[in-house]
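Shown here: final.cif, mmCIF, C-alpha atoms.
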data_query
#
loop_
_atom_site.label_atom_id
_atom_site.label_comp_id
_atom_site.auth_asym_id
_atom_site.auth_seq_id
_atom_site.Cartn_x
_atom_site.Cartn_y
_atom_site.Cartn_z
CA MET B 682 -28.02 0.92 -4.39
CA PHE B 683 -27.42 4.65 -4.44
CA LEU B 684 -23.99 6.19 -3.86
CA PHE B 685 -23.48 9.93 -3.42
CA SER B 686 -20.23 11.73 -2.68
CA THR B 687 -21.45 15.34 -2.56
CA LYS B 688 -23.89 17.08 -0.25
CA ALA B 689 -25.75 18.62 -3.19
CA GLU B 690 -26.44 15.23 -4.80
CA LEU B 691 -27.65 13.75 -1.53
CA GLN B 692 -29.88 16.74 -0.77
CA GLU B 693 -31.48 16.57 -4.20
CA TYR B 694 -32.26 12.88 -3.77
CA LEU B 695 -33.64 13.25 -0.24
CA ASN B 696 -35.86 16.20 -1.13
CA THR B 697 -38.25 13.78 -2.84
CA PHE B 698 -38.76 11.93 0.46
CA ARG B 699 -39.11 15.13 2.47
CA GLN B 700 -41.73 16.57 0.10
CA ALA B 701 -43.74 13.36 0.44
CA ASN B 702 -43.41 13.44 4.27
CA LYS B 703 -41.53 10.15 4.21
CA THR B 704 -39.37 9.04 7.12
CA ILE B 705 -35.59 8.99 6.80
CA GLY B 706 -33.24 6.88 8.89
CA LEU B 707 -29.53 7.69 9.28
CA VAL B 708 -26.76 5.26 10.20
CA PRO B 709 -23.44 7.15 10.59
CA THR B 710 -20.37 4.94 10.14
CA MET B 711 -16.66 5.23 9.41
CA GLY B 712 -16.79 2.24 7.09
CA ALA B 713 -15.18 -1.20 7.35
CA ILE B 714 -18.78 -2.40 7.52
CA HIS B 715 -19.47 -5.47 9.68
CA HIS B 716 -22.53 -7.23 11.08
CA GLY B 717 -22.82 -4.70 13.87
CA HIS B 718 -23.32 -1.94 11.31
CA LEU B 719 -25.73 -4.15 9.38
CA SER B 720 -27.88 -4.61 12.48
CA LEU B 721 -28.26 -0.82 12.68
CA MET B 722 -29.15 -0.67 8.99
CA GLN B 723 -31.67 -3.48 9.33
CA GLN B 724 -33.49 -1.66 12.11
CA SER B 725 -33.52 1.53 10.06
CA LEU B 726 -34.88 -0.31 7.03
CA GLU B 727 -37.72 -1.70 9.12
CA GLN B 728 -38.60 1.66 10.66
CA ASN B 729 -38.12 4.18 7.84
CA ASP B 730 -39.05 4.81 4.21
CA CYS B 731 -35.47 5.71 3.32
CA THR B 732 -32.19 4.67 4.95
CA VAL B 733 -28.99 6.71 4.57
CA VAL B 734 -25.65 5.21 5.58
CA SER B 735 -22.73 7.62 5.80
CA ILE B 736 -19.21 6.27 5.32
CA PHE B 737 -16.68 8.85 6.41
CA VAL B 738 -13.47 8.51 8.40
CA ASN B 739 -13.77 11.71 10.42
CA PRO B 740 -10.36 13.32 11.03
CA THR B 741 -11.49 15.68 13.81
CA GLN B 742 -12.26 12.86 16.25
CA PHE B 743 -8.77 11.32 16.07
CA ASN B 744 -6.18 12.66 18.48
CA ASN B 745 -3.67 10.07 17.25
CA PRO B 746 -2.51 10.75 13.64
CA THR B 747 -1.24 7.19 13.26
CA ASP B 748 -4.65 5.78 14.24
CA LEU B 749 -6.29 8.02 11.63
CA GLU B 750 -3.83 6.97 8.95
CA ASN B 751 -4.24 3.27 9.70
CA TYR B 752 -8.02 3.25 10.06
CA PRO B 753 -9.40 0.78 7.46
CA ARG B 754 -10.90 2.31 4.31
CA THR B 755 -12.75 -0.33 2.31
CA LEU B 756 -15.49 1.49 0.39
CA GLU B 757 -15.79 -0.96 -2.50
CA ARG B 758 -16.14 -3.94 -0.20
CA ASP B 759 -18.48 -1.98 2.07
CA MET B 760 -20.77 -1.27 -0.87
CA GLN B 761 -20.90 -4.96 -1.74
CA THR B 762 -21.69 -5.89 1.88
CA ILE B 763 -24.47 -3.32 2.12
CA THR B 764 -25.99 -4.41 -1.20
CA VAL B 765 -26.39 -7.95 0.11
CA LEU B 766 -28.55 -6.54 2.91
CA SER B 767 -30.59 -4.22 0.68
CA ASP B 768 -30.30 -2.53 -2.69
CA LYS B 769 -32.43 0.37 -1.45
CA ILE B 770 -29.91 1.83 0.98
CA VAL B 771 -28.47 5.26 0.17
CA VAL B 772 -24.72 5.51 0.83
CA PHE B 773 -23.12 8.90 1.39
CA ALA B 774 -19.32 8.69 1.10
CA PRO B 775 -17.89 12.23 0.96
CA THR B 776 -14.29 13.40 0.94
CA VAL B 777 -12.83 15.37 3.83
CA GLU B 778 -12.91 18.46 1.61
CA GLU B 779 -16.64 17.98 1.04
CA MET B 780 -17.40 17.89 4.77
CA TYR B 781 -14.91 20.45 6.09
CA GLN B 782 -13.86 23.86 4.90
CA GLN B 783 -10.14 24.54 4.64
CA ASN B 784 -8.50 24.68 8.08
CA GLU B 785 -11.86 24.00 9.80
CA VAL B 786 -11.52 22.50 13.27
CA ALA B 787 -13.95 20.73 15.56
CA GLN B 788 -16.63 22.75 17.29
CA ASP B 789 -16.34 23.07 21.07
CA PHE B 790 -19.29 21.32 22.73
CA ASP B 791 -20.61 21.15 26.27
CA PHE B 792 -22.17 17.76 26.98
CA ASP B 793 -22.79 18.42 30.67
CA GLY B 794 -19.65 16.56 31.72
CA LEU B 795 -20.29 13.34 29.79
CA GLU B 796 -17.38 14.26 27.52
CA HIS B 797 -14.88 14.26 30.41
CA GLN B 798 -15.39 10.65 31.48
CA MET B 799 -13.57 7.55 30.17
CA GLU B 800 -13.01 8.03 26.43
CA GLY B 801 -13.06 11.78 26.83
CA ALA B 802 -10.37 11.63 29.49
CA GLN B 803 -8.22 9.27 27.45
CA ARG B 804 -8.74 11.00 24.09
CA PRO B 805 -8.89 14.80 24.57
CA GLY B 806 -11.08 16.50 21.99
CA HIS B 807 -12.51 13.24 20.71
CA PHE B 808 -16.14 14.03 21.45
CA ASN B 809 -15.85 17.53 20.02
CA GLY B 810 -14.93 15.83 16.77
CA VAL B 811 -17.77 13.34 17.07
CA GLY B 812 -20.27 16.09 17.85
CA THR B 813 -19.03 18.20 14.94
CA ILE B 814 -19.42 15.54 12.25
CA VAL B 815 -22.68 14.13 13.61
CA LYS B 816 -24.25 17.59 13.74
CA LYS B 817 -23.12 18.19 10.15
CA LEU B 818 -24.76 14.93 9.09
CA PHE B 819 -27.94 15.73 11.01
CA ASP B 820 -28.17 19.17 9.37
CA LEU B 821 -27.58 17.62 5.94
CA VAL B 822 -29.78 14.52 6.09
CA GLU B 823 -32.47 15.82 8.48
CA PRO B 824 -33.31 12.26 9.51
CA THR B 825 -36.41 11.20 11.40
CA ASN B 826 -34.40 8.58 13.28
CA ALA B 827 -30.66 8.05 13.76
CA TYR B 828 -29.11 4.77 14.89
CA PHE B 829 -26.04 4.25 17.07
CA GLY B 830 -24.63 1.05 18.56
CA GLU B 831 -24.33 0.49 22.29
CA LYS B 832 -20.75 -0.73 21.85
CA ASP B 833 -19.86 2.96 21.87
CA PHE B 834 -22.21 3.56 24.80
CA GLN B 835 -20.60 6.82 25.89
CA GLN B 836 -20.91 8.13 22.33
CA LEU B 837 -24.60 7.15 22.31
CA LEU B 838 -25.21 9.25 25.44
CA ILE B 839 -23.19 12.11 23.96
CA ILE B 840 -25.35 12.13 20.81
CA LYS B 841 -28.52 12.10 22.89
CA LYS B 842 -27.17 15.08 24.82
CA LEU B 843 -26.27 16.83 21.56
CA VAL B 844 -29.85 16.50 20.30
CA GLU B 845 -31.27 17.63 23.64
CA LYS B 846 -29.07 20.71 24.07
CA HIS B 847 -29.35 21.88 20.46
CA ASN B 848 -33.09 21.15 20.26
CA ILE B 849 -32.66 18.90 17.22
CA GLN B 850 -35.86 17.08 16.29
CA ILE B 851 -34.41 13.61 15.72
CA ASN B 852 -35.08 10.34 17.52
CA ILE B 853 -31.79 8.77 18.67
CA ILE B 854 -32.09 4.99 18.80
CA GLY B 855 -29.52 2.82 20.56
CA VAL B 856 -29.03 -0.68 19.16
CA PRO B 857 -27.60 -3.53 21.31
CA ILE B 858 -24.01 -4.67 20.76
CA PHE B 859 -23.68 -7.24 17.99
CA ARG B 860 -21.41 -10.06 19.15
CA THR B 861 -20.01 -13.22 17.65
CA PRO B 862 -21.50 -16.44 19.08
CA GLN B 863 -18.48 -16.54 21.41
CA GLY B 864 -19.18 -13.00 22.66
CA LEU B 865 -16.63 -10.83 20.84
CA ALA B 866 -18.01 -7.34 20.17
CA LEU B 867 -17.62 -6.56 16.47
CA SER B 868 -15.52 -3.52 15.61
CA SER B 869 -14.02 -2.01 12.47
CA ARG B 870 -10.66 -2.14 14.21
CA ASN B 871 -10.93 -5.95 14.31
CA GLU B 872 -9.85 -5.79 10.65
CA ARG B 873 -6.31 -5.04 11.81
CA ILE B 874 -6.05 -7.95 14.28
CA SER B 875 -4.76 -11.39 13.34
CA ASP B 876 -7.07 -14.41 13.52
CA GLN B 877 -5.10 -15.61 16.54
CA GLY B 878 -5.47 -12.20 18.14
CA LEU B 879 -9.22 -12.20 17.55
CA ASP B 880 -9.53 -15.56 19.28
CA LYS B 881 -7.61 -14.20 22.24
CA SER B 882 -9.80 -11.08 22.28
CA LEU B 883 -12.71 -13.16 23.55
CA PHE B 884 -10.94 -12.62 26.87
CA LEU B 885 -12.45 -9.13 27.12
CA PHE B 886 -16.03 -10.34 27.11
CA GLN B 887 -15.16 -13.22 29.43
CA VAL B 888 -13.66 -10.82 31.98
CA LEU B 889 -16.68 -8.51 31.73
CA GLY B 890 -19.01 -11.48 32.28
CA LYS B 891 -17.11 -12.63 35.36
CA ALA B 892 -16.99 -9.07 36.67
CA LYS B 893 -20.74 -8.79 36.25
CA GLU B 894 -21.27 -11.98 38.28
CA LEU B 895 -18.91 -10.73 41.00
CA PHE B 896 -20.68 -7.36 41.05
CA GLN B 897 -23.88 -9.03 42.27
CA LYS B 898 -22.30 -10.11 45.58
CA GLU B 899 -19.07 -8.15 46.10
CA SER B 900 -18.05 -4.51 46.44
CA ILE B 901 -17.05 -2.38 43.49
CA GLU B 902 -13.54 -2.21 44.92
CA LYS B 903 -13.25 -6.01 44.81
CA VAL B 904 -14.59 -6.13 41.23
CA ASN B 905 -12.02 -3.54 40.14
CA LEU B 906 -9.25 -5.51 41.80
CA PHE B 907 -10.44 -8.73 40.13
CA VAL B 908 -10.32 -7.18 36.65
CA ALA B 909 -6.89 -5.65 37.26
CA ASN B 910 -5.53 -9.04 38.35
CA GLU B 911 -7.06 -10.82 35.35
CA PHE B 912 -5.18 -8.53 32.99
CA LYS B 913 -2.03 -8.65 35.07
CA ASN B 914 -2.05 -12.41 34.60
CA ASN B 915 -2.66 -12.13 30.84
CA PRO B 916 0.28 -10.21 29.32
CA THR B 917 -1.22 -10.57 25.82
CA PHE B 918 -3.29 -7.50 26.65
CA GLU B 919 -2.50 -4.06 27.96
CA LEU B 920 -5.39 -2.80 30.08
CA GLU B 921 -6.03 0.90 29.48
CA TYR B 922 -8.94 1.20 31.87
CA PHE B 923 -11.83 -0.62 33.49
CA THR B 924 -14.60 1.42 35.07
CA ILE B 925 -17.93 0.66 36.68
CA ALA B 926 -20.05 3.73 36.05
CA GLU B 927 -23.57 4.93 36.69
CA GLU B 928 -25.33 4.32 33.40
CA HIS B 929 -26.85 7.77 32.84
CA SER B 930 -24.20 10.16 34.17
CA LEU B 931 -21.17 7.89 33.47
CA GLN B 932 -19.75 8.96 36.81
CA PRO B 933 -17.40 6.27 38.18
CA ALA B 934 -19.12 4.34 40.95
CA GLN B 935 -17.49 3.92 44.35
CA GLN B 936 -20.33 2.16 46.17
CA LYS B 937 -23.44 0.41 44.93
CA GLN B 938 -26.74 2.21 45.51
CA ALA B 939 -30.21 0.75 45.30
CA GLY B 940 -32.21 1.72 42.24
CA VAL B 941 -29.16 2.82 40.23
CA CYS B 942 -28.18 1.14 36.94
CA TYR B 943 -24.50 0.37 36.47
CA ARG B 944 -22.43 -0.66 33.48
CA GLY B 945 -18.87 -1.94 33.20
CA PHE B 946 -16.59 -0.30 30.62
CA LEU B 947 -13.35 -1.86 29.42
CA VAL B 948 -10.59 -0.74 27.06
CA ALA B 949 -7.56 -2.89 26.28
CA HIS B 950 -4.88 -3.18 23.59
CA ILE B 951 -3.81 -6.25 21.62
CA GLU B 952 -1.32 -6.25 18.74
CA GLY B 953 -1.25 -2.47 19.01
CA ILE B 954 -5.02 -2.22 18.40
CA ARG B 955 -7.32 -0.50 20.87
CA LEU B 956 -10.52 -2.45 21.66
CA ILE B 957 -13.49 -1.28 23.69
CA ASP B 958 -16.41 -3.17 25.21
CA ASN B 959 -19.06 -2.68 27.84
CA LEU B 960 -21.72 -4.68 29.62
CA LYS B 961 -24.79 -3.79 31.66
CA PHE B 962 -24.15 -4.98 35.22
CA ASN B 963 -27.63 -4.73 36.74
#
This structure in C-alpha cells:
Amino acid sequence: MFLFSTKAELQEYLNTFRQANKTIGLVPTMGAIHHGHLSLMQQSLEQNDCTVVSIFVNPTQFNNPTDLENYPRTLERDMQTITVLSDKIVVFAPTVEEMYQQNEVAQDFDFDGLEHQMEGAQRPGHFNGVGTIVKKLFDLVEPTNAYFGEKDFQQLLIIKKLVEKHNIQINIIGVPIFRTPQGLALSSRNERISDQGLDKSLFLFQVLGKAKELFQKESIEKVNLFVANEFKNNPTFELEYFTIAEEHSLQPAQQKQAGVCYRGFLVAHIEGIRLIDNLKFN
C-alpha cells in the first residue's frame, strides 16, 4: 500500500509508470470507502498496471456548509479497507491547501446544459466544483482510464462532457451501481444513517422498481403521480424530486418516444440525510 499526501510525491512515483508506458487507472473518491468504491477499484486493478485512488472531501462542490462539515472522514479505516482488496493500490489523500491555492474558487464550466438539470438545479455550483477537482486530478495523475459509478449518473455524464470539451485523452468508464442484496444503493452518506433508517431506505429502490414496471404500460404523467403518492403515504421520507429523463441529455421526459432510452432519478431525505438513486427504465 502506498499513501501520498502531496502532489510532488505522487508525481514522482507515477513517473516510473509513465516512462515505462504503463497504464494508470484513477478512482476519485471522497472517502468513507464502501463496496461500491471497491467495485470501481477492482475494475481498475484488472484493466491497468497501476491504480490510484484519491480520497479528498472537495469543498468547492458543497453548497451546504453543514453537509461539508458533517461529511464522514475515515482515512485510517479507508486505508484498511483498501488494503484488504489489494496492497498495490496507490492512495492520494491531500489536504485542501495542497489542492487549492488560497482563496481559490471553482472554475466556471459549460457542460452543454447537463449541469442545469436535477442535481445542478437543486445544488447551484455543484458541478463547477466537481469539474474543478476532477480536472485537477486528471492533470496531476494523467490516467489512462478513470472510473465513476453510475449511482451518480449525472456526474458520470458531466465528466464525459468535461473530457470531450477539453480534449482530455482519458477513457471515462462507468461502473454499475453496487447494491446490497436487498437493493439499497451504497453511499458514503449511509454512514450517518441508523440501522433502522437503512432498512427503511430500501423503500427508494422498491419505488424505483415499481415505477419502472409502471413505465412499461402507463404514461410518464401516471408514473410521476404514482411516485409522488408513494412518498406522500410514507412520511419517513421527504421526497426532494423524482424525474424520468432522457438518458443522454437528462432532459425531463413528458412523453415516451420510440428508440429513446429513459432513466428514473430519485432524491429523498431520511434522518436529515440526502440519498440519491437511479434506475434504467428501458
Residues at most 10 Å from stretch 765-777 of chain B, counting only C-alpha atoms, excluding those fewer than 6 positions away in the same chain, as an mmCIF file with C-alpha atoms, in the frame of the given file?
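Okay, this is what ended up in part.cif:
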data_model
loop_
_atom_site.group_PDB
_atom_site.id
_atom_site.type_symbol
_atom_site.label_atom_id
_atom_site.label_comp_id
_atom_site.auth_asym_id
_atom_site.auth_seq_id
_atom_site.Cartn_x
_atom_site.Cartn_y
_atom_site.Cartn_z
ATOM 1 C CA MET B 682 -28.020 0.920 -4.390
ATOM 2 C CA PHE B 683 -27.420 4.650 -4.440
ATOM 3 C CA LEU B 684 -23.990 6.190 -3.860
ATOM 4 C CA PHE B 685 -23.480 9.930 -3.420
ATOM 5 C CA SER B 686 -20.230 11.730 -2.680
ATOM 6 C CA THR B 687 -21.450 15.340 -2.560
ATOM 7 C CA LYS B 688 -23.890 17.080 -0.250
ATOM 8 C CA GLU B 690 -26.440 15.230 -4.800
ATOM 9 C CA LEU B 691 -27.650 13.750 -1.530
ATOM 10 C CA TYR B 694 -32.260 12.880 -3.770
ATOM 11 C CA LEU B 695 -33.640 13.250 -0.240
ATOM 12 C CA GLY B 706 -33.240 6.880 8.890
ATOM 13 C CA LEU B 707 -29.530 7.690 9.280
ATOM 14 C CA VAL B 708 -26.760 5.260 10.200
ATOM 15 C CA PRO B 709 -23.440 7.150 10.590
ATOM 16 C CA THR B 710 -20.370 4.940 10.140
ATOM 17 C CA MET B 711 -16.660 5.230 9.410
ATOM 18 C CA GLY B 712 -16.790 2.240 7.090
ATOM 19 C CA LEU B 719 -25.730 -4.150 9.380
ATOM 20 C CA SER B 720 -27.880 -4.610 12.480
ATOM 21 C CA MET B 722 -29.150 -0.670 8.990
ATOM 22 C CA GLN B 723 -31.670 -3.480 9.330
ATOM 23 C CA SER B 725 -33.520 1.530 10.060
ATOM 24 C CA LEU B 726 -34.880 -0.310 7.030
ATOM 25 C CA ASP B 730 -39.050 4.810 4.210
ATOM 26 C CA CYS B 731 -35.470 5.710 3.320
ATOM 27 C CA THR B 732 -32.190 4.670 4.950
ATOM 28 C CA VAL B 733 -28.990 6.710 4.570
ATOM 29 C CA VAL B 734 -25.650 5.210 5.580
ATOM 30 C CA SER B 735 -22.730 7.620 5.800
ATOM 31 C CA ILE B 736 -19.210 6.270 5.320
ATOM 32 C CA PHE B 737 -16.680 8.850 6.410
ATOM 33 C CA VAL B 738 -13.470 8.510 8.400
ATOM 34 C CA ASN B 739 -13.770 11.710 10.420
ATOM 35 C CA PRO B 740 -10.360 13.320 11.030
ATOM 36 C CA LEU B 756 -15.490 1.490 0.390
ATOM 37 C CA ASP B 759 -18.480 -1.980 2.070
ATOM 38 C CA GLN B 783 -10.140 24.540 4.640
ATOM 39 C CA LEU B 818 -24.760 14.930 9.090
ATOM 40 C CA VAL B 822 -29.780 14.520 6.090
#
If the PyMOL selection byres ((chain B and resi 800) around 12) is run on the structure shown, which residues does it catch, given as a PDB file with C-alpha atoms, in the coordinates of the input?
ATOM      1  CA  GLN B 742     -12.260  12.860  16.250  1.00  0.00           C
ATOM      2  CA  PHE B 743      -8.770  11.320  16.070  1.00  0.00           C
ATOM      3  CA  ASN B 744      -6.180  12.660  18.480  1.00  0.00           C
ATOM      4  CA  LEU B 795     -20.290  13.340  29.790  1.00  0.00           C
ATOM      5  CA  GLU B 796     -17.380  14.260  27.520  1.00  0.00           C
ATOM      6  CA  HIS B 797     -14.880  14.260  30.410  1.00  0.00           C
ATOM      7  CA  GLN B 798     -15.390  10.650  31.480  1.00  0.00           C
ATOM      8  CA  MET B 799     -13.570   7.550  30.170  1.00  0.00           C
ATOM      9  CA  GLY B 801     -13.060  11.780  26.830  1.00  0.00           C
ATOM     10  CA  ALA B 802     -10.370  11.630  29.490  1.00  0.00           C
ATOM     11  CA  GLN B 803      -8.220   9.270  27.450  1.00  0.00           C
ATOM     12  CA  ARG B 804      -8.740  11.000  24.090  1.00  0.00           C
ATOM     13  CA  PRO B 805      -8.890  14.800  24.570  1.00  0.00           C
ATOM     14  CA  GLY B 806     -11.080  16.500  21.990  1.00  0.00           C
ATOM     15  CA  HIS B 807     -12.510  13.240  20.710  1.00  0.00           C
ATOM     16  CA  PHE B 808     -16.140  14.030  21.450  1.00  0.00           C
ATOM     17  CA  ASN B 809     -15.850  17.530  20.020  1.00  0.00           C
ATOM     18  CA  VAL B 811     -17.770  13.340  17.070  1.00  0.00           C
ATOM     19  CA  ASP B 833     -19.860   2.960  21.870  1.00  0.00           C
ATOM     20  CA  PHE B 834     -22.210   3.560  24.800  1.00  0.00           C
ATOM     21  CA  GLN B 835     -20.600   6.820  25.890  1.00  0.00           C
ATOM     22  CA  GLN B 836     -20.910   8.130  22.330  1.00  0.00           C
ATOM     23  CA  ILE B 839     -23.190  12.110  23.960  1.00  0.00           C
ATOM     24  CA  GLU B 921      -6.030   0.900  29.480  1.00  0.00           C
ATOM     25  CA  TYR B 922      -8.940   1.200  31.870  1.00  0.00           C
ATOM     26  CA  PHE B 923     -11.830  -0.620  33.490  1.00  0.00           C
ATOM     27  CA  THR B 924     -14.600   1.420  35.070  1.00  0.00           C
ATOM     28  CA  LEU B 931     -21.170   7.890  33.470  1.00  0.00           C
ATOM     29  CA  PHE B 946     -16.590  -0.300  30.620  1.00  0.00           C
ATOM     30  CA  LEU B 947     -13.350  -1.860  29.420  1.00  0.00           C
ATOM     31  CA  VAL B 948     -10.590  -0.740  27.060  1.00  0.00           C
ATOM     32  CA  ARG B 955      -7.320  -0.500  20.870  1.00  0.00           C
ATOM     33  CA  LEU B 956     -10.520  -2.450  21.660  1.00  0.00           C
ATOM     34  CA  ILE B 957     -13.490  -1.280  23.690  1.00  0.00           C
ATOM     35  CA  ASP B 958     -16.410  -3.170  25.210  1.00  0.00           C
TER      36      ASP B 958
END
ask   = Got a sec to check which residues sit within 12 Å of (-18.8, -8.5, 16.7), counting all atoms listed in the file, and write them as a VMD selection string?
value = chain B and resid 714 to 720 830 to 832 857 to 872 879 to 880 882 to 883 886 956 to 958
query = Separation of atom CA of B:Ile925 and atom CA of B:Ala909, in Å?
reply =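 Atom-to-atom, atom CA of B:Ile925 and atom CA of B:Ala909 are spaced 12.7 Å apart.
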message = Rounded to one decimal, what separation in Å do you get between atom CA of B:Glu845 and atom CA of B:Gln932?
response =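 Atom-to-atom, atom CA of B:Glu845 to atom CA of B:Gln932, that is 19.5 Å.
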ask   = Selected by the PyMOL selection byres ((chain B and resi 935) around 12) in the shown coordinates: which residues, as a list of chain:residue names?
value =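 Those residues are B:Ser900, B:Ile901, B:Glu902, B:Lys903, B:Val904, B:Asn905, B:Thr924, B:Ile925, B:Ala926, B:Glu927, B:Gln932, B:Pro933, B:Ala934, B:Gln936, B:Lys937, B:Gln938, B:Tyr943.
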Atomic separation - atom CA of B:Lys961 relative to atom CA of B:Leu885, Å =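 These two atoms are separated by 14.2 Å.
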ask   = Which residue gives the smallest distance to B:Ile874 among B:Thr825, B:His950, B:Met780, B:Glu928, with only C-alpha atoms counted?
value =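 Result for the nearest residue to B:Ile874: B:His950.
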key: Shell around B:Asn915 at 10 Å using all atoms listed in the file, local window under 5 positions removed, as a PyMOL selection string   = chain B and resi 884+910+920
ask   = Just so the selection is clear, what residues does the PyMOL selection byres ((chain B and resi 963) around 9) cover here, as an MDAnalysis selection string?
value = chainID B and resid 893 896:897 941:944 961:962
key: Among the residues B:Asn751, B:Asn702, B:Asn914, B:Asn959, the one that comes closest to B:Asn729 [using all atoms listed in the file]   =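 Of B:Asn751, B:Asn702, B:Asn914, B:Asn959, the one nearest B:Asn729, counting all atoms listed in the file, is B:Asn702.
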request  = Within 10 Å of B:Leu837, counting all atoms listed in the file, which residues show up once you throw out same-chain ones fewer than 5 positions away? Write them as a list in words, please.
outcome  =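 Using all atoms listed in the file, the neighbours found are Tyr828, Phe829, Gly830, Glu831, Lys832, Lys842, Leu843, Ile853, Ile854, Gly855 and Val856 of chain B.
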query = Taking into account all atoms listed in the file, which residue in the set B:His929, B:Lys841, B:Lys891, B:Arg873 is nearest to B:Val815?
reply =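 Residue with the minimum atom-to-atom distance to B:Val815: B:Lys841.
In terms of minimum interatomic distance to B:Ala892, B:Glu911 ranks closest within B:Asp793, B:Glu778, B:Glu911, B:Asp876, counting all atoms listed in the file.
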Can I get stretch 828-834 of chain B with all heavy atoms filled in, as an mmCIF file, keeping the file's coordinate frame?
data_model
loop_
_atom_site.group_PDB
_atom_site.id
_atom_site.type_symbol
_atom_site.label_atom_id
_atom_site.label_comp_id
_atom_site.auth_asym_id
_atom_site.auth_seq_id
_atom_site.Cartn_x
_atom_site.Cartn_y
_atom_site.Cartn_z
ATOM 1 N N TYR B 828 -29.405 6.019 14.196
ATOM 2 C CA TYR B 828 -29.110 4.770 14.890
ATOM 3 C C TYR B 828 -27.633 4.689 15.268
ATOM 4 O O TYR B 828 -26.747 4.906 14.434
ATOM 5 C CB TYR B 828 -29.488 3.586 13.979
ATOM 6 C CG TYR B 828 -30.960 3.593 13.635
ATOM 7 C CD1 TYR B 828 -31.453 4.403 12.610
ATOM 8 C CD2 TYR B 828 -31.875 2.823 14.352
ATOM 9 C CE1 TYR B 828 -32.811 4.440 12.306
ATOM 10 C CE2 TYR B 828 -33.229 2.857 14.053
ATOM 11 C CZ TYR B 828 -33.691 3.668 13.034
ATOM 12 O OH TYR B 828 -35.032 3.716 12.743
ATOM 13 N N PHE B 829 -27.403 4.358 16.543
ATOM 14 C CA PHE B 829 -26.040 4.250 17.070
ATOM 15 C C PHE B 829 -25.939 2.978 17.916
ATOM 16 O O PHE B 829 -26.858 2.645 18.676
ATOM 17 C CB PHE B 829 -25.693 5.476 17.923
ATOM 18 C CG PHE B 829 -25.639 6.755 17.142
ATOM 19 C CD1 PHE B 829 -26.800 7.476 16.901
ATOM 20 C CD2 PHE B 829 -24.443 7.235 16.644
ATOM 21 C CE1 PHE B 829 -26.771 8.656 16.164
ATOM 22 C CE2 PHE B 829 -24.394 8.420 15.914
ATOM 23 C CZ PHE B 829 -25.560 9.129 15.669
ATOM 24 N N GLY B 830 -24.811 2.297 17.826
ATOM 25 C CA GLY B 830 -24.630 1.050 18.560
ATOM 26 C C GLY B 830 -24.229 1.280 20.005
ATOM 27 O O GLY B 830 -23.513 2.236 20.332
ATOM 28 N N GLU B 831 -24.659 0.384 20.871
ATOM 29 C CA GLU B 831 -24.330 0.490 22.290
ATOM 30 C C GLU B 831 -22.887 0.089 22.588
ATOM 31 O O GLU B 831 -22.422 0.285 23.711
ATOM 32 C CB GLU B 831 -25.286 -0.371 23.118
ATOM 33 C CG GLU B 831 -26.694 0.202 23.181
ATOM 34 C CD GLU B 831 -27.597 -0.558 24.140
ATOM 35 O OE1 GLU B 831 -27.145 -1.578 24.716
ATOM 36 O OE2 GLU B 831 -28.755 -0.135 24.313
ATOM 37 N N LYS B 832 -22.163 -0.441 21.595
ATOM 38 C CA LYS B 832 -20.750 -0.730 21.850
ATOM 39 C C LYS B 832 -20.012 0.555 22.214
ATOM 40 O O LYS B 832 -19.162 0.573 23.091
ATOM 41 C CB LYS B 832 -20.083 -1.387 20.640
ATOM 42 C CG LYS B 832 -18.635 -1.813 20.919
ATOM 43 C CD LYS B 832 -18.013 -2.529 19.747
ATOM 44 C CE LYS B 832 -17.663 -1.544 18.653
ATOM 45 N NZ LYS B 832 -16.562 -0.618 19.085
ATOM 46 N N ASP B 833 -20.367 1.646 21.520
ATOM 47 C CA ASP B 833 -19.860 2.960 21.870
ATOM 48 C C ASP B 833 -20.905 3.653 22.748
ATOM 49 O O ASP B 833 -21.508 4.655 22.355
ATOM 50 C CB ASP B 833 -19.581 3.771 20.617
ATOM 51 C CG ASP B 833 -18.507 3.131 19.750
ATOM 52 O OD1 ASP B 833 -17.357 3.059 20.205
ATOM 53 O OD2 ASP B 833 -18.828 2.683 18.635
ATOM 54 N N PHE B 834 -21.103 3.109 23.950
ATOM 55 C CA PHE B 834 -22.210 3.560 24.800
ATOM 56 C C PHE B 834 -22.043 5.018 25.214
ATOM 57 O O PHE B 834 -23.019 5.777 25.247
ATOM 58 C CB PHE B 834 -22.294 2.669 26.048
ATOM 59 C CG PHE B 834 -23.533 2.899 26.866
ATOM 60 C CD1 PHE B 834 -24.723 2.282 26.527
ATOM 61 C CD2 PHE B 834 -23.518 3.747 27.965
ATOM 62 C CE1 PHE B 834 -25.876 2.489 27.269
ATOM 63 C CE2 PHE B 834 -24.666 3.965 28.714
ATOM 64 C CZ PHE B 834 -25.850 3.334 28.354
#
